[in-house]
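K.L.:
Contents are compact mmCIF, C-alpha atoms and all ligand atoms; file name entry.txt:
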```
# COMPACT_ATOMS: atom_id res chain seq x y z
CA MET A 260 -25.26 86.94 13.30
CA SER A 261 -26.80 85.00 10.41
CA GLU A 262 -29.92 86.44 8.82
CA GLN A 263 -33.05 84.23 8.61
CA ILE A 264 -34.32 83.82 5.05
CA GLU A 265 -37.94 82.91 4.50
CA TYR A 266 -38.62 80.69 1.51
CA THR A 267 -41.98 80.51 -0.24
CA LYS A 268 -42.68 77.45 -2.34
CA ILE A 269 -43.83 78.57 -5.79
CA PHE A 270 -43.49 75.36 -7.80
CA GLY A 271 -44.02 71.73 -6.90
CA ARG A 272 -45.54 68.45 -7.92
CA PRO A 273 -49.30 68.62 -8.52
CA GLU A 274 -51.26 66.44 -6.12
CA SER A 275 -52.80 64.68 -9.13
CA LEU A 276 -49.36 63.25 -10.03
CA LYS A 277 -47.74 60.50 -8.01
CA GLU A 278 -44.10 60.73 -7.06
CA THR A 279 -43.07 58.08 -9.58
CA PRO A 280 -40.35 58.47 -12.23
CA THR A 281 -41.90 57.89 -15.65
CA HIS A 282 -40.82 55.41 -18.31
CA TYR A 283 -41.27 57.95 -21.12
CA CYS A 284 -38.29 58.65 -23.40
CA PRO A 285 -36.38 61.93 -23.01
CA GLY A 286 -38.17 64.66 -24.96
CA CYS A 287 -41.48 62.75 -25.16
CA GLY A 288 -44.64 64.85 -24.98
CA HIS A 289 -46.51 62.39 -22.75
CA SER A 290 -44.76 63.54 -19.57
CA VAL A 291 -45.54 67.21 -20.28
CA ALA A 292 -49.15 66.35 -21.11
CA HIS A 293 -49.49 64.36 -17.86
CA ARG A 294 -48.26 67.35 -15.91
CA LEU A 295 -50.74 69.71 -17.63
CA VAL A 296 -53.69 67.40 -16.98
CA ALA A 297 -52.65 67.06 -13.34
CA GLU A 298 -52.26 70.82 -12.85
CA CYS A 299 -55.69 71.53 -14.36
CA LEU A 300 -57.39 68.89 -12.19
CA ASP A 301 -55.73 70.30 -9.07
CA GLU A 302 -56.63 73.87 -9.93
CA LEU A 303 -60.27 72.93 -10.54
CA GLY A 304 -60.39 70.79 -7.37
CA LEU A 305 -61.35 67.70 -9.36
CA ARG A 306 -58.80 65.09 -8.30
CA GLU A 307 -61.04 63.22 -5.89
CA LYS A 308 -63.97 62.96 -8.29
CA THR A 309 -61.97 62.11 -11.41
CA ILE A 310 -62.04 58.78 -13.21
CA GLY A 311 -59.57 58.60 -16.10
CA VAL A 312 -59.36 56.11 -18.94
CA PRO A 313 -55.82 55.68 -20.30
CA PRO A 314 -54.99 54.41 -23.80
CA VAL A 315 -53.18 51.37 -25.07
CA GLY A 316 -49.87 52.77 -26.28
CA CYS A 317 -46.96 54.39 -24.51
CA ALA A 318 -49.34 55.95 -21.95
CA VAL A 319 -50.89 52.59 -21.04
CA LEU A 320 -49.16 52.89 -17.66
CA ALA A 321 -50.64 56.33 -16.95
CA TYR A 322 -52.29 54.93 -13.82
CA ASN A 323 -48.79 54.54 -12.35
CA TYR A 324 -48.30 58.28 -12.61
CA PHE A 325 -51.72 59.89 -12.16
CA ASN A 326 -52.98 60.16 -8.62
CA PHE A 327 -56.67 59.59 -9.30
CA ASP A 328 -58.82 56.60 -10.17
CA MET A 329 -58.30 55.08 -13.60
CA VAL A 330 -59.95 52.24 -15.50
CA GLU A 331 -57.97 50.58 -18.28
CA ALA A 332 -59.76 49.98 -21.61
CA PRO A 333 -58.82 47.76 -24.55
CA HIS A 334 -57.09 49.50 -27.42
CA GLY A 335 -59.34 52.17 -28.97
CA ARG A 336 -62.23 51.59 -26.58
CA ALA A 337 -61.48 54.36 -24.09
CA LEU A 338 -64.46 56.49 -25.09
CA ALA A 339 -66.83 53.52 -24.95
CA VAL A 340 -65.62 52.65 -21.45
CA ALA A 341 -65.72 56.33 -20.43
CA THR A 342 -69.30 56.60 -21.71
CA GLY A 343 -70.33 53.73 -19.44
CA ILE A 344 -68.57 55.28 -16.45
CA LYS A 345 -70.07 58.73 -17.00
CA ARG A 346 -73.60 57.41 -17.50
CA VAL A 347 -73.44 55.30 -14.34
CA HIS A 348 -71.70 58.07 -12.38
CA PRO A 349 -72.84 61.41 -13.87
CA ASP A 350 -71.44 63.18 -10.79
CA LYS A 351 -67.89 62.02 -11.54
CA PHE A 352 -65.42 63.89 -13.73
CA VAL A 353 -64.46 61.56 -16.59
CA LEU A 354 -61.55 61.99 -18.96
CA THR A 355 -59.86 59.90 -21.59
CA TYR A 356 -56.20 60.25 -22.51
CA GLN A 357 -55.48 58.69 -25.92
CA GLY A 358 -52.82 58.46 -28.59
CA ASP A 359 -53.50 58.69 -32.32
CA GLY A 360 -53.26 54.91 -32.85
CA ASP A 361 -55.82 54.54 -30.10
CA LEU A 362 -58.25 57.39 -30.80
CA ALA A 363 -57.88 57.81 -34.57
CA ALA A 364 -57.14 54.28 -35.82
CA ILE A 365 -58.47 51.30 -33.90
CA GLY A 366 -60.90 53.47 -31.92
CA THR A 367 -62.29 55.58 -34.78
CA ALA A 368 -65.83 54.28 -34.37
CA GLU A 369 -65.91 54.74 -30.59
CA THR A 370 -64.45 58.23 -30.93
CA ILE A 371 -66.86 59.46 -33.60
CA HIS A 372 -69.96 58.11 -31.90
CA ALA A 373 -69.10 59.26 -28.37
CA ALA A 374 -68.36 62.74 -29.73
CA ASN A 375 -71.53 62.77 -31.81
CA ARG A 376 -73.62 61.73 -28.81
CA GLY A 377 -72.18 64.69 -26.97
CA GLU A 378 -70.97 62.57 -24.07
CA ARG A 379 -69.98 64.77 -21.15
CA ILE A 380 -66.39 63.55 -21.29
CA SER A 381 -63.11 65.45 -21.70
CA THR A 382 -60.63 63.90 -24.13
CA ILE A 383 -56.91 64.58 -24.33
CA PHE A 384 -55.68 63.43 -27.73
CA ILE A 385 -51.91 62.99 -28.02
CA ASN A 386 -51.02 63.20 -31.70
CA ASN A 387 -47.42 62.14 -32.28
CA ALA A 388 -48.15 61.06 -35.86
CA ILE A 389 -46.88 57.52 -35.24
CA TYR A 390 -47.43 54.34 -33.24
CA GLY A 391 -44.96 54.97 -30.45
CA MET A 392 -45.15 51.92 -28.23
CA THR A 393 -45.00 49.29 -30.95
CA GLY A 394 -41.97 50.72 -32.74
CA GLY A 395 -43.01 53.38 -35.21
CA GLN A 396 -45.67 52.04 -37.58
CA MET A 397 -47.67 54.50 -39.69
CA ALA A 398 -50.70 56.03 -37.98
CA PRO A 399 -53.70 57.68 -39.69
CA THR A 400 -52.11 60.95 -38.57
CA THR A 401 -48.65 60.31 -40.06
CA ILE A 402 -47.91 63.28 -42.30
CA LEU A 403 -47.14 63.04 -46.02
CA GLY A 404 -43.53 62.10 -46.65
CA GLN A 405 -42.97 61.08 -43.03
CA ASN A 406 -41.09 57.80 -42.57
CA ALA A 407 -42.64 54.95 -40.63
CA THR A 408 -41.63 51.29 -40.39
CA THR A 409 -44.70 50.43 -42.49
CA ALA A 410 -44.08 53.33 -44.89
CA PRO A 411 -40.31 53.11 -45.32
CA GLY A 412 -40.21 55.48 -48.29
CA GLY A 413 -42.36 58.03 -46.48
CA ARG A 414 -46.16 58.30 -46.45
CA ASP A 415 -47.43 58.45 -50.01
CA PRO A 416 -51.07 59.56 -50.46
CA ARG A 417 -51.64 57.19 -53.37
CA LEU A 418 -50.44 54.17 -51.41
CA HIS A 419 -51.40 55.08 -47.86
CA GLY A 420 -54.05 57.78 -48.10
CA SER A 421 -53.67 61.26 -46.69
CA PRO A 422 -53.36 62.16 -43.00
CA ILE A 423 -56.68 62.26 -41.13
CA ASP A 424 -57.41 65.48 -39.29
CA ILE A 425 -59.54 63.85 -36.63
CA SER A 426 -60.17 67.07 -34.68
CA ARG A 427 -61.69 68.79 -37.70
CA MET A 428 -63.73 65.68 -38.46
CA LEU A 429 -65.15 65.58 -34.95
CA ALA A 430 -65.86 69.30 -34.91
CA VAL A 431 -68.71 68.89 -37.41
CA SER A 432 -70.71 66.80 -34.92
CA ASN A 433 -73.48 68.59 -33.08
CA GLY A 434 -72.54 66.95 -29.77
CA VAL A 435 -69.09 68.55 -29.84
CA VAL A 436 -68.79 71.92 -28.10
CA PHE A 437 -65.07 72.59 -27.96
CA VAL A 438 -62.03 71.40 -29.94
CA GLU A 439 -58.62 73.05 -29.84
CA ARG A 440 -55.28 71.94 -31.27
CA CYS A 441 -52.16 72.87 -29.33
CA ALA A 442 -48.52 71.80 -29.38
CA LEU A 443 -46.04 70.61 -26.78
CA ASP A 444 -42.89 72.02 -28.37
CA SER A 445 -42.23 75.22 -26.44
CA VAL A 446 -43.11 76.95 -23.18
CA LYS A 447 -45.41 79.37 -25.02
CA GLU A 448 -47.40 76.57 -26.70
CA ILE A 449 -47.45 74.44 -23.54
CA ARG A 450 -49.03 77.34 -21.65
CA LYS A 451 -51.70 77.63 -24.36
CA ALA A 452 -52.28 73.88 -24.11
CA LYS A 453 -52.94 74.17 -20.40
CA LYS A 454 -55.57 76.86 -20.97
CA ALA A 455 -57.24 74.68 -23.58
CA ILE A 456 -57.29 71.63 -21.29
CA LYS A 457 -58.86 73.66 -18.50
CA LYS A 458 -61.50 74.97 -20.85
CA ALA A 459 -62.32 71.46 -22.07
CA PHE A 460 -62.68 70.37 -18.44
CA GLN A 461 -65.02 73.29 -17.78
CA CYS A 462 -67.29 72.11 -20.63
CA GLN A 463 -67.92 68.89 -18.73
CA LEU A 464 -68.43 70.69 -15.43
CA ASP A 465 -71.04 72.89 -17.10
CA ASP A 466 -72.68 69.86 -18.78
CA LEU A 467 -72.25 71.36 -22.26
CA GLY A 468 -71.16 68.38 -24.36
CA PHE A 469 -68.07 66.64 -25.68
CA ALA A 470 -64.75 68.50 -25.64
CA LEU A 471 -61.37 67.48 -26.98
CA VAL A 472 -57.89 68.97 -26.90
CA GLU A 473 -55.41 67.67 -29.46
CA LEU A 474 -51.77 68.00 -28.47
CA LEU A 475 -49.11 67.74 -31.18
CA SER A 476 -46.50 65.78 -29.32
CA PRO A 477 -42.90 64.83 -30.09
CA CYS A 478 -41.84 61.17 -30.30
CA PRO A 479 -38.06 61.58 -30.63
CA THR A 480 -37.47 57.81 -30.40
CA ASN A 481 -39.60 56.74 -33.34
CA TRP A 482 -38.99 59.88 -35.36
CA LYS A 483 -35.29 59.02 -34.85
CA MET A 484 -34.46 62.56 -33.77
CA THR A 485 -32.91 64.23 -30.78
CA PRO A 486 -35.45 65.83 -28.42
CA LYS A 487 -34.54 69.30 -29.71
CA ALA A 488 -34.89 68.26 -33.38
CA ALA A 489 -38.24 66.62 -32.57
CA TRP A 490 -39.58 69.78 -30.91
CA ASP A 491 -38.45 71.79 -33.95
CA TRP A 492 -40.13 69.28 -36.25
CA VAL A 493 -43.43 69.79 -34.43
CA ALA A 494 -43.13 73.57 -34.74
CA GLU A 495 -41.89 73.64 -38.33
CA GLU A 496 -43.39 70.61 -40.09
CA MET A 497 -46.23 69.06 -38.16
CA VAL A 498 -48.15 72.33 -37.82
CA LYS A 499 -48.34 72.64 -41.62
CA THR A 500 -50.62 69.57 -41.69
CA TYR A 501 -52.23 70.30 -38.32
CA PRO A 502 -52.55 74.08 -37.85
CA LEU A 503 -52.82 75.14 -34.24
CA GLY A 504 -55.76 76.97 -32.73
CA VAL A 505 -59.40 76.64 -31.82
CA ILE A 506 -61.24 74.40 -34.28
CA LYS A 507 -64.68 74.64 -32.70
CA ASP A 508 -65.97 76.64 -29.78
CA ILE A 509 -69.68 76.98 -29.08
CA THR A 510 -69.21 77.20 -25.33
CA GLY A 511 -69.98 80.90 -25.09
CA TYR A 512 -67.15 81.19 -22.53
CA GLU A 513 -65.31 84.46 -22.50
CA ASP A 514 -61.61 83.76 -22.80
CA LYS A 515 -59.46 85.34 -20.11
CA LYS A 516 -56.32 86.79 -21.68
C1 LIG B 601 -56.46 45.24 -30.07
C2 LIG B 601 -55.00 45.63 -30.10
N1 LIG B 601 -54.40 45.79 -31.29
C3 LIG B 601 -53.10 46.17 -31.33
C4 LIG B 601 -52.39 46.36 -30.17
C5 LIG B 601 -50.93 46.73 -30.24
N2 LIG B 601 -50.65 48.09 -29.92
C6 LIG B 601 -50.32 48.48 -28.67
S1 LIG B 601 -49.92 50.09 -28.59
C7 LIG B 601 -50.17 50.30 -30.26
C8 LIG B 601 -49.94 51.61 -30.94
C9 LIG B 601 -50.11 52.77 -30.04
O1 LIG B 601 -49.94 53.98 -30.72
P1 LIG B 601 -50.59 55.30 -30.23
O2 LIG B 601 -52.00 55.07 -29.83
O3 LIG B 601 -50.39 56.35 -31.27
O4 LIG B 601 -49.83 55.66 -28.88
P2 LIG B 601 -48.30 56.06 -28.61
O5 LIG B 601 -47.64 54.78 -28.20
O6 LIG B 601 -47.75 56.68 -29.85
O7 LIG B 601 -48.40 57.03 -27.49
C10 LIG B 601 -50.58 49.10 -30.84
C11 LIG B 601 -50.87 48.94 -32.27
C12 LIG B 601 -53.07 46.18 -28.94
N3 LIG B 601 -52.46 46.38 -27.77
N4 LIG B 601 -54.37 45.82 -28.93
S1 LIG B 602 -41.71 55.86 -27.99
FE1 LIG B 602 -42.33 57.96 -28.48
S2 LIG B 602 -44.37 58.21 -27.56
FE2 LIG B 602 -43.41 56.41 -26.62
S3 LIG B 602 -42.42 57.16 -24.75
FE3 LIG B 602 -40.87 57.16 -26.37
S4 LIG B 602 -40.96 59.23 -27.26
FE4 LIG B 602 -42.84 58.91 -26.06
```
Translate the structure described by the file into C-alpha cells.
Ligand SMILES: Cc1ncc(C[n+]2csc(CCOP(=O)(O)OP(=O)(O)O)c2C)c(N)n1
Ligand code: SF4

P.N.:
Amino acid sequence: MSEQIEYTKIFGRPESLKETPTHYCPGCGHSVAHRLVAECLDELGLREKTIGVPPVGCAVLAYNYFNFDMVEAPHGRALAVATGIKRVHPDKFVLTYQGDGDLAAIGTAETIHAANRGERISTIFINNAIYGMTGGQMAPTTILGQNATTAPGGRDPRLHGSPIDISRMLAVSNGVVFVERCALDSVKEIRKAKKAIKKAFQCQLDDLGFALVELLSPCPTNWKMTPKAAWDWVAEEMVKTYPLGVIKDITGYEDKK
C-alpha cells in the first residue's frame, strides 16, 4: 500500500509579482531587487495600497512584473511624480525604484529636494555604476578606473570627476530618516537588503520621513563579465568605493536580529 505524503508549500511567487518572465540579463540585480520589494510589500500587507514609480532605464518595464499600480515618470523625475502622488493620496504607500542614471544623474535635483523635504516616500536605488539600458555609458556612480563607453580608458578623476556617493549626500538632509547601502551579490547580503527595504517601508508607514535603500547591483552585460565575475566584482571592488551598512538611521527602531 502506498503511503500518503503531505507537502507543505514553503516557497513561492510573492503576490506582488506577476507571473511574467523578465527581460533582465542573466545575473542582473534588477530581478533580485524586484523579488525583495515584492516580498516586503506582501509581508507588510501593502500590495493593494501601493503606487510605484519605475525609472527610465532597464527597469522601465517594471510595471510588467510588479503586481501593483505603477505610474511611469520621465527620466529622473520619479521622485517629483511620487511627491505628487503621495500628497494627493497620503493614505497610499508610495515607492520609487530608480537606477543611478535616473536618480543620481538626470534626476539629481528631484532626488535631493524630495529627500530634503522629507517626503514620505520609500526609494529603492539600484546602483550598478553604469547606464545599463543605453549600452554602458559612464554614470556619476562609475568607480575610478572602471571602463565605460564614454570613459574608454577607465574613469579618471581629473577628466570625469570622482564617483558621487549619493546616499551619503542625501543622509545630511534633515528630511531623511533612514539610508542603508546593501549589495545583491550573495545570499547573505541579499537577506540584509531585504531587512533594509522592510525598514525603509516602515518609515513611511510610521510617517517619519524620507527613506532610501541603495543596492549595489551587478550589470554583467555592460561590465562585460560573466554573472559570477560580476557578483565578485561587487563584493571585492565596488564596496571599496561604496562601503556597505547603515549610513543614517534616526528612526529609533530597535533592530531585530
Ligand atoms: C530625458 C531622457 N534622457 C535620456 C534618456 C535615455 N536613457 C534611457 S535609460 C538611460 C540610462 C539608464 O541608466 P540607469 O538609470 O543607471 O539604469 P539601468 O539601465 O542601469 O538600470 C538613458 C540615458 C531618456 N530616456 N530620457
Ligand atoms: S543591461 Fe545590465 S542593468 Fe540592464 S538588464 Fe542587463 S545586466 Fe541588468

K.L.:
Would you mind telling me which residue in A:Ala407, A:Ala368, A:Leu362, A:Ile310 lies nearest to A:Ser426 when using all atoms listed in the file?

P.N.:
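With all atoms listed in the file as the atom set, the closest residue is A:Leu362.
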
K.L.:
What do you get as a PyMOL selection string if you pick all residues at most 9 Å from ligand LIG 602 (chain B), counting only C-alpha atoms and all ligand atoms?

P.N.:
chain A and resi 282-290+316-318+358+385+387+389-395+476-482+486

K.L.:
Give me a file of those residues, with C-alpha atoms, as an mmCIF file, in the frame of the given file.

P.N.:
```cif
data_model
loop_
_atom_site.group_PDB
_atom_site.id
_atom_site.type_symbol
_atom_site.label_atom_id
_atom_site.label_comp_id
_atom_site.auth_asym_id
_atom_site.auth_seq_id
_atom_site.Cartn_x
_atom_site.Cartn_y
_atom_site.Cartn_z
ATOM 1 C CA HIS A 282 -40.820 55.410 -18.310
ATOM 2 C CA TYR A 283 -41.270 57.950 -21.120
ATOM 3 C CA CYS A 284 -38.290 58.650 -23.400
ATOM 4 C CA PRO A 285 -36.380 61.930 -23.010
ATOM 5 C CA GLY A 286 -38.170 64.660 -24.960
ATOM 6 C CA CYS A 287 -41.480 62.750 -25.160
ATOM 7 C CA GLY A 288 -44.640 64.850 -24.980
ATOM 8 C CA HIS A 289 -46.510 62.390 -22.750
ATOM 9 C CA SER A 290 -44.760 63.540 -19.570
ATOM 10 C CA GLY A 316 -49.870 52.770 -26.280
ATOM 11 C CA CYS A 317 -46.960 54.390 -24.510
ATOM 12 C CA ALA A 318 -49.340 55.950 -21.950
ATOM 13 C CA GLY A 358 -52.820 58.460 -28.590
ATOM 14 C CA ILE A 385 -51.910 62.990 -28.020
ATOM 15 C CA ASN A 387 -47.420 62.140 -32.280
ATOM 16 C CA ILE A 389 -46.880 57.520 -35.240
ATOM 17 C CA TYR A 390 -47.430 54.340 -33.240
ATOM 18 C CA GLY A 391 -44.960 54.970 -30.450
ATOM 19 C CA MET A 392 -45.150 51.920 -28.230
ATOM 20 C CA THR A 393 -45.000 49.290 -30.950
ATOM 21 C CA GLY A 394 -41.970 50.720 -32.740
ATOM 22 C CA GLY A 395 -43.010 53.380 -35.210
ATOM 23 C CA SER A 476 -46.500 65.780 -29.320
ATOM 24 C CA PRO A 477 -42.900 64.830 -30.090
ATOM 25 C CA CYS A 478 -41.840 61.170 -30.300
ATOM 26 C CA PRO A 479 -38.060 61.580 -30.630
ATOM 27 C CA THR A 480 -37.470 57.810 -30.400
ATOM 28 C CA ASN A 481 -39.600 56.740 -33.340
ATOM 29 C CA TRP A 482 -38.990 59.880 -35.360
ATOM 30 C CA PRO A 486 -35.450 65.830 -28.420
#
```

K.L.:
Which of these, A:Arg414, A:Phe469, A:Val291, A:Phe325, has the shortest distance to A:Lys453 once you count only C-alpha atoms?

P.N.:
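Comparing A:Arg414, A:Phe469, A:Val291, A:Phe325 against A:Lys453, the winner is A:Val291.
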
K.L.:
Would you mind telling me which residue in A:Gly271, A:Gly304, A:Pro349, A:Gly366 lies nearest to ligand LIG 601 (chain B) when using only C-alpha atoms and all ligand atoms?

P.N.:
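Looking at the shortest contact to ligand LIG 601 (chain B), the residue is A:Gly366.
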
K.L.:
Ranking A:Ile344, A:Val330, A:Ala297, A:Ala388 by minimum distance to ligand LIG 601 (chain B) and counting only C-alpha atoms and all ligand atoms, which one comes first?

P.N.:
A:Ala388

K.L.:
Please, what distance in Å, to one decimal, runs between atom CA of A:Ala494 and atom CA of A:Leu475?

P.N.:
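Atom CA of A:Ala494 sits 9.1 Å away from atom CA of A:Leu475.
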
K.L.:
Hey, what's within 10 Å of A:Val319 if we count only C-alpha atoms and toss same-chain stuff fewer than 4 positions away? As JSON, numbers by chain, please?

P.N.:
{"A": [312, 313, 314, 315, 323, 331, 332, 333, 334, 356, 357, 358, 392]}

K.L.:
Using 6 Å of padding on each side, determine the axis-aligned box around all atoms of stretch 293-304 of chain A present in the file and give its centre and edge lengths in Å to one decimal, as lines of an AutoDock Vina configuration file.

P.N.:
```
center_x = -54.3
center_y = 69.1
center_z = -12.6
size_x = 24.1
size_y = 21.5
size_z = 22.5
```

K.L.:
For the atom pair atom CA of A:Arg379 and atom CA of A:Ala292, what is the interatomic distance in Å to one decimal place?

P.N.:
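Interatomic distance, atom CA of A:Arg379 to atom CA of A:Ala292: 20.9 Å.
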
K.L.:
Restricting the calculation to all atoms listed in the file: of A:Gly504, A:Met497, A:Thr309, A:Ala489, which residue gets closest to A:Gly404?

P.N.:
A:Met497

K.L.:
Closest to ligand LIG 601 (chain B) among A:Leu429, A:Ile365, A:Leu443, A:Met484, using all atoms listed in the file?

P.N.:
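Ranking A:Leu429, A:Ile365, A:Leu443, A:Met484 by distance to ligand LIG 601 (chain B), first place goes to A:Ile365.
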
K.L.:
Please return as a PyMOL selection string every residue within 10 Å of (-48.0, 52.9, -10.4), taking into account all atoms listed in the file and the file's own coordinates.

P.N.:
chain A and resi 277-281+320-326

K.L.:
Taking all heavy atoms as the atom set, what does stretch 303-312 of chain A look like once completed, written as an mmCIF file, keeping the file's coordinate frame?

P.N.:
```cif
data_model
loop_
_atom_site.group_PDB
_atom_site.id
_atom_site.type_symbol
_atom_site.label_atom_id
_atom_site.label_comp_id
_atom_site.auth_asym_id
_atom_site.auth_seq_id
_atom_site.Cartn_x
_atom_site.Cartn_y
_atom_site.Cartn_z
ATOM 1 N N LEU A 303 -58.802 72.943 -10.540
ATOM 2 C CA LEU A 303 -60.270 72.930 -10.540
ATOM 3 C C LEU A 303 -60.832 72.091 -9.382
ATOM 4 O O LEU A 303 -62.052 71.914 -9.274
ATOM 5 C CB LEU A 303 -60.802 72.395 -11.882
ATOM 6 C CG LEU A 303 -60.528 73.299 -13.103
ATOM 7 C CD1 LEU A 303 -60.796 72.550 -14.402
ATOM 8 C CD2 LEU A 303 -61.382 74.566 -13.046
ATOM 9 N N GLY A 304 -59.941 71.575 -8.541
ATOM 10 C CA GLY A 304 -60.390 70.790 -7.370
ATOM 11 C C GLY A 304 -61.091 69.496 -7.747
ATOM 12 O O GLY A 304 -62.026 69.067 -7.065
ATOM 13 N N LEU A 305 -60.619 68.859 -8.829
ATOM 14 C CA LEU A 305 -61.350 67.700 -9.360
ATOM 15 C C LEU A 305 -60.723 66.347 -9.022
ATOM 16 O O LEU A 305 -61.319 65.310 -9.305
ATOM 17 C CB LEU A 305 -61.444 67.818 -10.888
ATOM 18 C CG LEU A 305 -62.333 68.943 -11.414
ATOM 19 C CD1 LEU A 305 -62.166 69.083 -12.921
ATOM 20 C CD2 LEU A 305 -63.788 68.650 -11.069
ATOM 21 N N ARG A 306 -59.544 66.344 -8.442
ATOM 22 C CA ARG A 306 -58.800 65.090 -8.300
ATOM 23 C C ARG A 306 -59.637 63.970 -7.687
ATOM 24 O O ARG A 306 -59.685 62.864 -8.193
ATOM 25 C CB ARG A 306 -57.535 65.315 -7.458
ATOM 26 C CG ARG A 306 -56.583 64.136 -7.491
ATOM 27 C CD ARG A 306 -55.425 64.322 -6.536
ATOM 28 N NE ARG A 306 -55.815 64.139 -5.148
ATOM 29 C CZ ARG A 306 -55.951 62.964 -4.563
ATOM 30 N NH1 ARG A 306 -55.701 61.866 -5.232
ATOM 31 N NH2 ARG A 306 -56.310 62.870 -3.301
ATOM 32 N N GLU A 307 -60.340 64.292 -6.620
ATOM 33 C CA GLU A 307 -61.040 63.220 -5.890
ATOM 34 C C GLU A 307 -62.266 62.696 -6.618
ATOM 35 O O GLU A 307 -62.773 61.633 -6.281
ATOM 36 C CB GLU A 307 -61.416 63.725 -4.501
ATOM 37 C CG GLU A 307 -60.174 64.097 -3.724
ATOM 38 C CD GLU A 307 -60.235 63.694 -2.276
ATOM 39 O OE1 GLU A 307 -61.295 63.203 -1.858
ATOM 40 O OE2 GLU A 307 -59.222 63.867 -1.586
ATOM 41 N N LYS A 308 -62.790 63.476 -7.590
ATOM 42 C CA LYS A 308 -63.970 62.960 -8.290
ATOM 43 C C LYS A 308 -63.658 62.521 -9.731
ATOM 44 O O LYS A 308 -64.554 62.251 -10.515
ATOM 45 C CB LYS A 308 -65.128 63.961 -8.238
ATOM 46 C CG LYS A 308 -64.859 65.317 -8.883
ATOM 47 C CD LYS A 308 -66.060 66.224 -8.744
ATOM 48 C CE LYS A 308 -67.024 66.060 -9.879
ATOM 49 N NZ LYS A 308 -68.051 67.099 -9.927
ATOM 50 N N THR A 309 -62.358 62.450 -10.033
ATOM 51 C CA THR A 309 -61.970 62.110 -11.410
ATOM 52 C C THR A 309 -61.816 60.606 -11.620
ATOM 53 O O THR A 309 -61.260 59.906 -10.776
ATOM 54 C CB THR A 309 -60.638 62.814 -11.765
ATOM 55 O OG1 THR A 309 -60.854 64.216 -11.728
ATOM 56 C CG2 THR A 309 -60.139 62.417 -13.144
ATOM 57 N N ILE A 310 -62.334 60.142 -12.749
ATOM 58 C CA ILE A 310 -62.040 58.780 -13.210
ATOM 59 C C ILE A 310 -61.471 58.921 -14.625
ATOM 60 O O ILE A 310 -62.122 59.467 -15.523
ATOM 61 C CB ILE A 310 -63.288 57.877 -13.241
ATOM 62 C CG1 ILE A 310 -63.937 57.818 -11.849
ATOM 63 C CG2 ILE A 310 -62.921 56.469 -13.727
ATOM 64 C CD1 ILE A 310 -65.226 57.003 -11.775
ATOM 65 N N GLY A 311 -60.232 58.479 -14.798
ATOM 66 C CA GLY A 311 -59.570 58.600 -16.100
ATOM 67 C C GLY A 311 -59.538 57.257 -16.814
ATOM 68 O O GLY A 311 -59.518 56.204 -16.178
ATOM 69 N N VAL A 312 -59.533 57.333 -18.150
ATOM 70 C CA VAL A 312 -59.360 56.110 -18.940
ATOM 71 C C VAL A 312 -58.123 56.306 -19.813
ATOM 72 O O VAL A 312 -58.116 57.146 -20.718
ATOM 73 C CB VAL A 312 -60.604 55.820 -19.818
ATOM 74 C CG1 VAL A 312 -60.448 54.448 -20.494
ATOM 75 C CG2 VAL A 312 -61.886 55.852 -18.984
#
```
